[in-house]
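File shown: my_file.cif (mmCIF, C-alpha atoms).
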data_coords
loop_
_atom_site.label_atom_id
_atom_site.label_comp_id
_atom_site.auth_asym_id
_atom_site.auth_seq_id
_atom_site.Cartn_x
_atom_site.Cartn_y
_atom_site.Cartn_z
CA MET A 1 0.00 0.00 0.00
CA TYR A 2 2.78 2.42 0.86
CA ASP A 3 4.42 1.76 -2.52
CA LEU A 4 1.26 3.08 -4.15
CA VAL A 5 1.17 6.09 -1.84
CA PHE A 6 4.82 6.83 -2.56
CA ARG A 7 4.21 6.72 -6.30
CA VAL A 8 1.60 9.44 -5.86
CA PHE A 9 3.87 11.49 -3.60
CA SER A 10 6.72 11.24 -6.08
CA LEU A 11 4.66 12.97 -8.76
CA PHE A 12 5.25 16.21 -6.81
CA PRO A 13 8.47 18.07 -5.90
CA ALA A 14 10.23 16.53 -2.91
CA GLU A 15 10.47 19.45 -0.48
CA PRO A 16 6.86 20.70 -0.72
CA MET A 17 5.63 17.11 -0.41
CA HIS A 18 7.82 16.58 2.65
CA GLU A 19 6.33 19.67 4.27
CA LEU A 20 2.80 18.56 3.41
CA VAL A 21 3.20 15.02 4.73
CA PHE A 22 5.07 16.10 7.84
CA GLY A 23 2.51 18.80 8.52
CA GLY A 24 -0.30 16.28 8.18
CA LEU A 25 1.42 13.82 10.50
CA SER A 26 2.02 16.58 13.05
CA ALA A 27 -1.63 17.60 12.95
CA LEU A 28 -2.90 14.03 13.32
CA MET A 29 -0.60 13.30 16.25
CA LYS A 30 -1.92 16.33 18.10
CA LEU A 31 -5.02 14.20 18.63
CA ARG A 32 -3.77 12.62 21.83
CA PRO A 33 -5.91 9.44 21.60
CA LEU A 34 -4.54 8.80 18.10
CA GLU A 35 -0.98 9.54 19.19
CA SER A 36 -1.37 7.21 22.16
CA ALA A 37 -2.86 4.40 20.07
CA THR A 38 -0.13 4.74 17.43
CA ARG A 39 2.58 4.77 20.07
CA ASN A 40 1.17 1.67 21.76
CA TRP A 41 0.99 -0.17 18.43
CA LEU A 42 4.40 0.73 17.04
CA ALA A 43 6.54 1.22 20.13
CA ALA A 44 9.59 -0.95 20.60
CA SER A 45 8.59 -3.07 23.58
CA ASP A 46 10.95 -6.04 23.38
CA PRO A 47 13.45 -5.70 26.25
CA THR A 48 16.18 -7.42 24.26
CA ILE A 49 16.58 -4.35 22.04
CA SER A 50 16.48 -1.73 24.79
CA VAL A 51 19.76 0.19 25.01
CA SER A 52 21.29 2.07 27.93
CA ALA A 53 23.68 4.67 26.55
CA LEU A 54 24.59 8.35 26.88
CA GLY A 55 22.81 8.52 30.22
CA THR A 56 19.47 7.49 28.72
CA VAL A 57 17.56 4.23 28.34
CA PHE A 58 16.40 4.03 24.73
CA PRO A 59 13.55 1.60 23.97
CA SER A 60 15.45 0.60 20.84
CA PRO A 61 18.75 1.53 19.20
CA LEU A 62 17.07 2.92 16.07
CA GLY A 63 16.50 6.65 15.84
CA LEU A 64 15.42 9.12 13.16
CA ALA A 65 18.36 11.16 11.89
CA ALA A 66 18.61 14.93 11.84
CA GLY A 67 17.12 16.66 8.83
CA PHE A 68 13.59 15.32 8.93
CA ASP A 69 12.39 17.57 11.74
CA LYS A 70 14.78 20.49 11.47
CA ASN A 71 12.83 22.80 13.76
CA ALA A 72 11.51 20.43 16.43
CA ARG A 73 7.99 20.94 15.17
CA ALA A 74 6.79 17.46 16.09
CA PRO A 75 9.39 15.10 17.57
CA GLN A 76 6.69 13.48 19.70
CA ALA A 77 4.73 12.55 16.56
CA LEU A 78 7.83 10.88 15.14
CA LEU A 79 8.52 9.05 18.40
CA ALA A 80 4.97 7.72 18.21
CA LEU A 81 5.96 5.92 14.99
CA GLY A 82 8.22 3.70 17.05
CA PHE A 83 11.64 5.31 16.80
CA GLY A 84 13.84 4.82 19.84
CA PHE A 85 14.83 8.48 19.67
CA VAL A 86 14.64 11.46 17.32
CA GLU A 87 17.45 13.85 16.45
CA VAL A 88 16.17 17.29 15.49
CA GLY A 89 18.09 19.93 13.53
CA SER A 90 20.47 20.99 12.29
CA VAL A 91 19.89 24.17 14.30
CA THR A 92 22.05 27.27 14.02
CA PRO A 93 22.26 30.11 16.56
CA ARG A 94 20.34 32.48 14.27
CA ALA A 95 17.50 31.64 11.91
CA GLN A 96 18.43 31.33 8.25
CA PRO A 97 16.57 30.41 5.05
CA GLY A 98 19.09 27.92 3.69
CA ASN A 99 20.02 27.52 0.06
CA PRO A 100 17.77 28.54 -2.87
CA LYS A 101 15.02 26.13 -3.92
CA PRO A 102 14.71 23.56 -5.39
CA ARG A 103 17.17 21.86 -3.04
CA LEU A 104 15.79 18.38 -2.35
CA PHE A 105 15.50 15.69 -5.03
CA ARG A 106 14.60 12.01 -5.27
CA LEU A 107 16.71 9.49 -7.16
CA LYS A 108 14.00 6.85 -7.32
CA ARG A 109 15.98 4.19 -9.16
CA ASP A 110 18.53 4.31 -6.34
CA ARG A 111 16.00 4.83 -3.55
CA ALA A 112 18.16 7.81 -2.68
CA LEU A 113 17.87 11.52 -1.94
CA LEU A 114 20.02 14.45 -2.96
CA ASN A 115 19.83 17.57 -0.81
CA ARG A 116 21.54 20.91 -0.55
CA MET A 117 19.26 22.38 2.09
CA GLY A 118 21.94 24.52 3.73
CA PHE A 119 20.84 24.43 7.38
CA ASN A 120 17.48 26.11 6.81
CA ASN A 121 16.00 26.49 10.30
CA ASP A 122 14.17 28.81 12.69
CA GLY A 123 17.18 29.41 14.94
CA ALA A 124 18.16 28.15 18.36
CA VAL A 125 15.87 30.39 20.41
CA ALA A 126 12.72 29.28 18.60
CA VAL A 127 13.69 25.60 18.61
CA ALA A 128 14.58 25.69 22.30
CA ALA A 129 11.16 27.17 23.08
CA ARG A 130 9.42 24.33 21.23
CA LEU A 131 11.46 21.66 22.96
CA ALA A 132 10.74 23.22 26.36
CA LYS A 133 6.97 22.87 25.82
CA ARG A 134 7.11 19.07 25.52
CA PRO A 135 10.40 17.91 27.01
CA SER A 136 11.51 14.38 26.24
CA PRO A 137 14.53 12.29 27.22
CA LEU A 138 14.43 10.76 23.72
CA VAL A 139 15.02 13.92 21.66
CA ALA A 140 18.58 14.78 20.64
CA VAL A 141 19.65 18.04 19.01
CA ASN A 142 22.03 18.57 16.10
CA ILE A 143 23.74 21.97 15.83
CA GLY A 144 25.66 23.81 13.11
CA LYS A 145 27.12 27.20 12.34
CA ASN A 146 25.38 29.98 10.45
CA LYS A 147 26.34 30.40 6.80
CA SER A 148 27.46 33.98 7.45
CA THR A 149 29.87 32.92 10.21
CA SER A 150 33.48 32.53 9.16
CA GLU A 151 35.49 29.41 9.90
CA ALA A 152 37.55 31.39 12.41
CA ASP A 153 34.41 32.42 14.31
CA ALA A 154 32.71 29.01 14.06
CA PRO A 155 33.47 28.02 17.68
CA SER A 156 31.38 30.94 18.94
CA ASP A 157 28.37 29.71 16.94
CA TYR A 158 28.65 26.20 18.33
CA ARG A 159 29.11 27.57 21.84
CA GLU A 160 25.97 29.71 21.54
CA ALA A 161 23.83 26.98 19.97
CA ALA A 162 24.91 24.53 22.68
CA ARG A 163 24.16 27.07 25.40
CA LEU A 164 20.65 27.71 24.11
CA LEU A 165 19.73 24.10 23.30
CA GLY A 166 21.72 21.93 25.67
CA ALA A 167 19.16 21.86 28.46
CA HIS A 168 16.60 20.35 26.08
CA ALA A 169 18.77 17.65 24.49
CA ALA A 170 19.13 13.98 25.35
CA PHE A 171 22.47 14.44 23.65
CA LEU A 172 23.97 17.15 21.45
CA VAL A 173 25.51 16.45 18.03
CA VAL A 174 28.04 18.87 16.54
CA ASN A 175 27.57 18.84 12.78
CA VAL A 176 30.80 19.67 10.96
CA SER A 177 30.09 17.36 8.04
CA SER A 178 27.27 18.76 5.92
CA PRO A 179 28.48 19.42 2.37
CA ASN A 180 25.92 22.19 1.91
CA THR A 181 27.51 25.00 3.93
CA ALA A 182 30.70 26.35 2.39
CA GLY A 183 33.77 25.57 4.48
CA LEU A 184 31.91 23.53 7.09
CA ARG A 185 33.74 20.28 6.37
CA ASP A 186 37.05 22.08 6.91
CA LEU A 187 36.10 22.10 10.59
CA GLN A 188 36.78 18.35 10.68
CA ALA A 189 40.54 19.07 10.63
CA SER A 190 42.10 18.36 14.03
CA GLU A 191 42.89 21.91 15.18
CA ALA A 192 39.58 23.38 14.02
CA LEU A 193 37.62 20.43 15.40
CA THR A 194 39.30 20.78 18.77
CA ALA A 195 38.25 24.42 18.97
CA VAL A 196 34.67 23.68 17.93
CA LEU A 197 34.16 20.76 20.31
CA THR A 198 35.75 22.66 23.20
CA ALA A 199 33.43 25.59 22.56
CA ALA A 200 30.38 23.31 22.34
CA ARG A 201 31.24 21.73 25.70
CA GLU A 202 31.59 25.22 27.21
CA GLY A 203 28.16 26.06 25.85
CA LEU A 204 26.65 22.93 27.36
CA GLU A 205 28.15 23.75 30.73
CA ALA A 206 26.53 27.20 30.55
CA SER A 207 23.15 25.87 29.34
CA GLY A 208 21.58 25.37 32.74
CA ALA A 209 20.95 21.68 32.11
CA ASN A 210 20.29 19.76 35.30
CA LYS A 211 22.59 16.94 34.18
CA ARG A 212 25.68 16.48 32.07
CA VAL A 213 24.62 16.51 28.42
CA PRO A 214 26.57 14.07 26.21
CA LEU A 215 28.45 15.64 23.31
CA LEU A 216 28.90 13.88 19.97
CA VAL A 217 30.35 14.85 16.60
CA LYS A 218 28.96 13.92 13.17
CA ILE A 219 31.47 13.17 10.42
CA ALA A 220 31.41 12.83 6.63
CA PRO A 221 31.76 9.60 4.64
CA ASP A 222 34.17 11.26 2.22
CA LEU A 223 37.05 11.47 4.69
CA SER A 224 40.19 9.43 4.18
CA ASP A 225 41.07 6.70 6.66
CA ASP A 226 43.85 8.88 8.09
CA GLU A 227 41.40 11.74 8.60
CA ILE A 228 38.98 9.40 10.37
CA ASP A 229 41.77 8.23 12.67
CA ALA A 230 42.70 11.83 13.44
CA ILE A 231 39.10 12.70 14.34
CA ALA A 232 38.90 9.66 16.61
CA GLU A 233 42.09 10.77 18.35
CA VAL A 234 40.69 14.27 18.91
CA ALA A 235 37.44 12.83 20.25
CA LEU A 236 39.30 10.53 22.64
CA ARG A 237 41.59 13.31 23.85
CA LEU A 238 38.69 15.70 24.52
CA GLY A 239 36.48 13.07 26.16
CA VAL A 240 33.76 13.38 23.53
CA ASP A 241 30.92 10.98 24.26
CA GLY A 242 30.38 9.65 20.76
CA ILE A 243 30.72 9.88 16.99
CA VAL A 244 27.88 9.87 14.46
CA ALA A 245 29.02 8.27 11.20
CA THR A 246 28.11 9.31 8.60
CA ASN A 247 26.53 12.32 6.95
CA THR A 248 25.67 12.50 3.23
CA THR A 249 28.26 11.99 0.51
CA VAL A 250 29.39 14.23 -2.33
CA ALA A 251 30.52 11.16 -4.30
CA ARG A 252 28.43 10.15 -7.31
CA SER A 253 29.68 6.60 -7.90
CA GLY A 254 27.61 3.43 -7.81
CA LEU A 255 24.33 5.02 -8.92
CA GLN A 256 21.78 3.49 -11.26
CA THR A 257 20.37 6.90 -12.12
CA ASP A 258 21.83 8.28 -15.34
CA ALA A 259 24.98 10.27 -14.59
CA GLU A 260 23.87 13.19 -16.75
CA ALA A 261 20.53 13.37 -14.93
CA VAL A 262 22.33 13.41 -11.58
CA ALA A 263 24.70 16.13 -12.80
CA GLN A 264 21.75 18.27 -13.86
CA LEU A 265 20.43 18.21 -10.29
CA GLY A 266 23.54 20.04 -9.19
CA ASN A 267 25.56 20.00 -6.00
CA GLY A 268 24.49 18.45 -2.73
CA GLY A 269 24.85 15.44 -0.50
CA LEU A 270 23.51 12.02 -1.42
CA SER A 271 21.89 9.68 1.08
CA GLY A 272 20.59 6.15 0.66
CA PRO A 273 21.84 2.65 -0.14
CA MET A 274 25.00 3.85 -1.92
CA LEU A 275 26.35 4.84 1.50
CA LYS A 276 26.17 1.32 2.96
CA GLU A 277 29.64 0.09 2.15
CA ARG A 278 31.53 3.21 3.22
CA SER A 279 29.41 3.66 6.35
CA ARG A 280 30.17 0.08 7.36
CA GLN A 281 33.89 0.57 6.74
CA ILE A 282 34.06 3.77 8.77
CA LEU A 283 32.06 2.24 11.61
CA ALA A 284 34.33 -0.78 11.92
CA ARG A 285 37.43 1.42 11.71
CA LEU A 286 36.15 3.71 14.45
CA TYR A 287 35.25 0.75 16.65
CA ARG A 288 38.77 -0.65 16.32
CA LYS A 289 40.08 2.77 17.28
CA VAL A 290 37.81 3.70 20.19
CA GLY A 291 36.21 0.40 21.24
CA ARG A 292 33.59 0.92 23.91
CA SER A 293 35.16 4.11 25.21
CA MET A 294 32.52 6.11 23.35
CA VAL A 295 29.17 5.57 21.66
CA LEU A 296 29.15 5.08 17.90
CA ILE A 297 25.95 5.96 16.04
CA SER A 298 25.83 4.46 12.56
CA VAL A 299 23.92 6.27 9.81
CA GLY A 300 23.80 5.84 6.04
CA GLY A 301 21.93 3.26 4.02
CA ILE A 302 20.16 1.47 6.89
CA ASP A 303 16.95 0.16 5.36
CA SER A 304 16.32 -3.26 6.91
CA ALA A 305 16.79 -5.32 10.05
CA GLU A 306 19.59 -7.17 8.29
CA GLU A 307 21.51 -3.96 7.62
CA ALA A 308 20.80 -2.67 11.12
CA TRP A 309 22.21 -5.90 12.57
CA VAL A 310 25.36 -5.57 10.43
CA ARG A 311 25.94 -2.14 11.96
CA ILE A 312 25.37 -3.39 15.50
CA VAL A 313 27.89 -6.24 15.23
CA ASN A 314 30.37 -3.88 13.56
CA GLY A 315 30.38 -1.51 16.52
CA ALA A 316 27.26 0.66 16.56
CA THR A 317 25.53 1.17 19.90
CA LEU A 318 22.82 3.27 18.26
CA LEU A 319 21.54 3.62 14.70
CA GLU A 320 19.79 6.30 12.66
CA LEU A 321 17.97 6.36 9.35
CA TYR A 322 16.34 9.00 7.21
CA THR A 323 16.11 8.12 3.53
CA SER A 324 14.60 4.67 4.11
CA PHE A 325 11.84 6.33 6.15
CA ILE A 326 10.89 8.18 2.98
CA TYR A 327 11.05 5.13 0.70
CA GLU A 328 9.89 2.37 3.09
CA GLY A 329 7.18 4.29 4.93
CA PRO A 330 6.01 4.83 8.51
CA LEU A 331 6.34 1.17 9.55
CA VAL A 332 10.05 0.98 8.82
CA ALA A 333 11.09 1.31 12.47
CA TYR A 334 8.55 -1.30 13.57
CA ARG A 335 9.80 -3.82 11.00
CA ILE A 336 13.44 -3.26 11.87
CA HIS A 337 12.71 -3.65 15.57
CA GLN A 338 10.97 -6.97 14.99
CA GLY A 339 13.89 -8.22 12.92
CA LEU A 340 16.52 -7.04 15.38
CA ALA A 341 14.84 -8.77 18.31
CA ALA A 342 14.77 -12.02 16.33
CA ARG A 343 18.46 -11.71 15.43
CA VAL A 344 19.48 -11.05 19.04
CA ARG A 345 17.87 -14.31 20.10
CA GLN A 346 19.18 -16.27 17.11
CA ALA A 347 22.71 -15.14 17.94
CA GLY A 348 22.33 -16.28 21.54
CA PHE A 349 22.60 -12.86 23.17
CA SER A 350 20.36 -11.78 26.02
CA SER A 351 20.43 -8.14 24.88
CA ILE A 352 21.42 -6.24 21.78
CA SER A 353 24.12 -4.39 23.72
CA GLU A 354 26.05 -7.65 24.04
CA ALA A 355 26.21 -7.89 20.24
CA VAL A 356 27.81 -4.45 19.76
CA GLY A 357 31.13 -4.91 17.96
CA SER A 358 31.04 -8.69 18.18
CA ALA A 359 31.96 -9.19 14.51
CA VAL A 360 34.93 -6.82 14.79
CA ARG A 361 36.19 -8.46 17.97
CA ALA A 362 35.89 -11.89 16.38
CA MET A 363 38.24 -10.80 13.58
CA ASN A 364 40.95 -9.54 15.96
#

Take the structure from the file and write it as structure tokens.
Amino acid sequence: MYDLVFRVFSLFPAEPMHELVFGGLSALMKLRPLESATRNWLAASDPTISVSALGTVFPSPLGLAAGFDKNARAPQALLALGFGFVEVGSVTPRAQPGNPKPRLFRLKRDRALLNRMGFNNDGAVAVAARLAKRPSPLVAVNIGKNKSTSEADAPSDYREAARLLGAHAAFLVVNVSSPNTAGLRDLQASEALTAVLTAAREGLEASGANKRVPLLVKIAPDLSDDEIDAIAEVALRLGVDGIVATNTTVARSGLQTDAEAVAQLGNGGLSGPMLKERSRQILARLYRKVGRSMVLISVGGIDSAEEAWVRIVNGATLLELYTSFIYEGPLVAYRIHQGLAARVRQAGFSSISEAVGSAVRAMN
């Protein structure tokens, strides 16, 4: 049925349709009896896939990645669809419109998306106010710098965003990996990253949060292995709580969509199944580097319980998806949860946490 619905949706431009569908979902979930019934039906309830990490008990390891609900308009509605957590954002200190439209495109043959949104959001003050109205221990926040802020001044933006949003975040993710803000990925270099992460921690400490808020960093899939190792070393040295791997890719290899058609869409980051291989590689590399000393959140091409399980045994404590939510529909989290619970038992583990990194450890 959802395949038919998606075919209708795909007749219209991607971004307006996203806003329409998300707005409709938000409105429906404001009907508390419907939200409650949906939550009860789709919630992850199997204790074998519950995860204790980052100071929070997540009902499942599978969350919705940043980008779907940029402005924290309805994280509770998305949680009702069964996700273990929702990451909102990216949020910048000041509101900004993002890049010119059109800026979101479907590559249907690849079940992929191309976006160059450019951190369009309502700003940290507005998002913080929304999160304060319906606080949740299962909502994380992703932050970035404003387009107008220079690389040299970037730490001040991350400090301010963390200060304003930290008290409302289950954990805070520093986004230095979007390809859609000029110069942002340069902040992944060791010296710049150290300054940004130090500033973000200072902001969290000034946020008024009644507990220590975990700090994570989100990295790109287009980094070299040496660059990944350097980021891991910075994260370990600074006591960062985790790494989110990975963001979208600027690579255009491995696509079924005609290369000329892709080129005509222009610049932007790709998400979807083409990220699987590199995301797996980066995850395993990070796990070998940091082990269980920090939480690894795997993102990129997760579209089934089988793929989710591959990420778990290769070192992921938590998982996120985005593109497969668009292509697979609102039951994607429910189906993955059912499959993960079955795989935990088949593998002889009593909980999914025991499986984290087991495939990597077995190879050492």

Determine, for each residue of stretch 222-338 of chain A having at least one atom at most 10 Å from an atom of stretch 180-185 of chain A, the closest pair of atoms and their separation in Å to one decimal, counting only C-alpha atoms; order by chain and ascending number, as JSON lines.
{"residue": "A:Asp222", "atom": "CA", "partner": "A:Arg185", "partner_atom": "CA", "distance": 9.9}
{"residue": "A:Leu223", "atom": "CA", "partner": "A:Arg185", "partner_atom": "CA", "distance": 9.6}
{"residue": "A:Thr248", "atom": "CA", "partner": "A:Asn180", "partner_atom": "CA", "distance": 9.8}
{"residue": "A:Val250", "atom": "CA", "partner": "A:Asn180", "partner_atom": "CA", "distance": 9.7}
{"residue": "A:Asn267", "atom": "CA", "partner": "A:Asn180", "partner_atom": "CA", "distance": 8.2}
{"residue": "A:Gly268", "atom": "CA", "partner": "A:Asn180", "partner_atom": "CA", "distance": 6.1}
{"residue": "A:Gly269", "atom": "CA", "partner": "A:Asn180", "partner_atom": "CA", "distance": 7.2}

May I have the selected residues written with C-alpha atoms, as an mmCIF file, in the coordinates of the input?
data_model
loop_
_atom_site.group_PDB
_atom_site.id
_atom_site.type_symbol
_atom_site.label_atom_id
_atom_site.label_comp_id
_atom_site.auth_asym_id
_atom_site.auth_seq_id
_atom_site.Cartn_x
_atom_site.Cartn_y
_atom_site.Cartn_z
ATOM 1 C CA ASP A 222 34.170 11.260 2.220
ATOM 2 C CA LEU A 223 37.050 11.470 4.690
ATOM 3 C CA THR A 248 25.670 12.500 3.230
ATOM 4 C CA VAL A 250 29.390 14.230 -2.330
ATOM 5 C CA ASN A 267 25.560 20.000 -6.000
ATOM 6 C CA GLY A 268 24.490 18.450 -2.730
ATOM 7 C CA GLY A 269 24.850 15.440 -0.500
#

Name every residue that the PyMOL selection byres ((chain A and resi 245) around 8) selects in this structure, writing the answer as a tab-separated table (two decimals) with C-alpha atoms, keeping the file's coordinate frame with chains first and numbers rising.
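So the final result, stored in selection.tsv, reads:
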chain	number	residue	atom	x	y	z
A	218	LYS	CA	28.96	13.92	13.17
A	219	ILE	CA	31.47	13.17	10.42
A	220	ALA	CA	31.41	12.83	6.63
A	221	PRO	CA	31.76	9.60	4.64
A	243	ILE	CA	30.72	9.88	16.99
A	244	VAL	CA	27.88	9.87	14.46
A	246	THR	CA	28.11	9.31	8.60
A	247	ASN	CA	26.53	12.32	6.95
A	279	SER	CA	29.41	3.66	6.35
A	282	ILE	CA	34.06	3.77	8.77
A	283	LEU	CA	32.06	2.24	11.61
A	296	LEU	CA	29.15	5.08	17.90
A	297	ILE	CA	25.95	5.96	16.04
A	298	SER	CA	25.83	4.46	12.56
A	299	VAL	CA	23.92	6.27	9.81
A	300	GLY	CA	23.80	5.84	6.04

With only C-alpha atoms as the basis for distance, which of A:Val196, A:Ala209, A:Met29, A:Ala37 is at the shortest distance from A:Arg159?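 The shortest atom-to-atom distance to A:Arg159 comes from A:Val196.
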
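When atom CA of A:Glu307 is paired with atom CA of A:Ala112, their separation reads 16.0 Å.
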
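Residues in contact with stretch 48-56 of chain A at up to 6 Å, not including ones fewer than 3 positions away on its chain and judged by only C-alpha atoms, are Pro59, Ser60, Ser351 and Ile352 of chain A.
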
Selection to disk with C-alpha atoms, as a PDB file, in the frame of the given file:
ATOM      1  CA  PRO A  59      13.550   1.600  23.970  1.00  0.00           C
ATOM      2  CA  SER A  60      15.450   0.600  20.840  1.00  0.00           C
ATOM      3  CA  SER A 351      20.430  -8.140  24.880  1.00  0.00           C
ATOM      4  CA  ILE A 352      21.420  -6.240  21.780  1.00  0.00           C
TER       5      ILE A 352
END

Within 9 Å of (22.1, -12.6, 25.6), all atoms listed in the file: residues as a PyMOL selection string? chain A and resi 48+344-345+347-355

Quote the spacing between atom CA of A:Met294 and atom CA of A:Ala195 in Å to one decimal place.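 Atom CA of A:Met294 sits 19.7 Å away from atom CA of A:Ala195.
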
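Considering all atoms listed in the file, the residue among A:Gly242, A:Gly272, A:Pro100, A:Pro155 positioned nearest to A:Leu193 is A:Pro155.
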
Distance criterion (all atoms listed in the file): nearest to A:Leu114 out of A:Glu35, A:Glu277, A:Glu260, A:Glu15: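 Of A:Glu35, A:Glu277, A:Glu260, A:Glu15, the one nearest A:Leu114 is A:Glu15, counting all atoms listed in the file.
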
Test item: the PyMOL selection byres ((chain A and resi 310) around 12) resolved as a PyMOL selection string: chain A and resi 276-277+279-281+283-284+298-299+301-309+311-317+319+340+343-344+355-360

Determine the nearest neighbour of A:Leu331 from the options A:Phe22, A:Phe83, A:Phe58, A:Phe6, counting all atoms listed in the file. A:Phe83
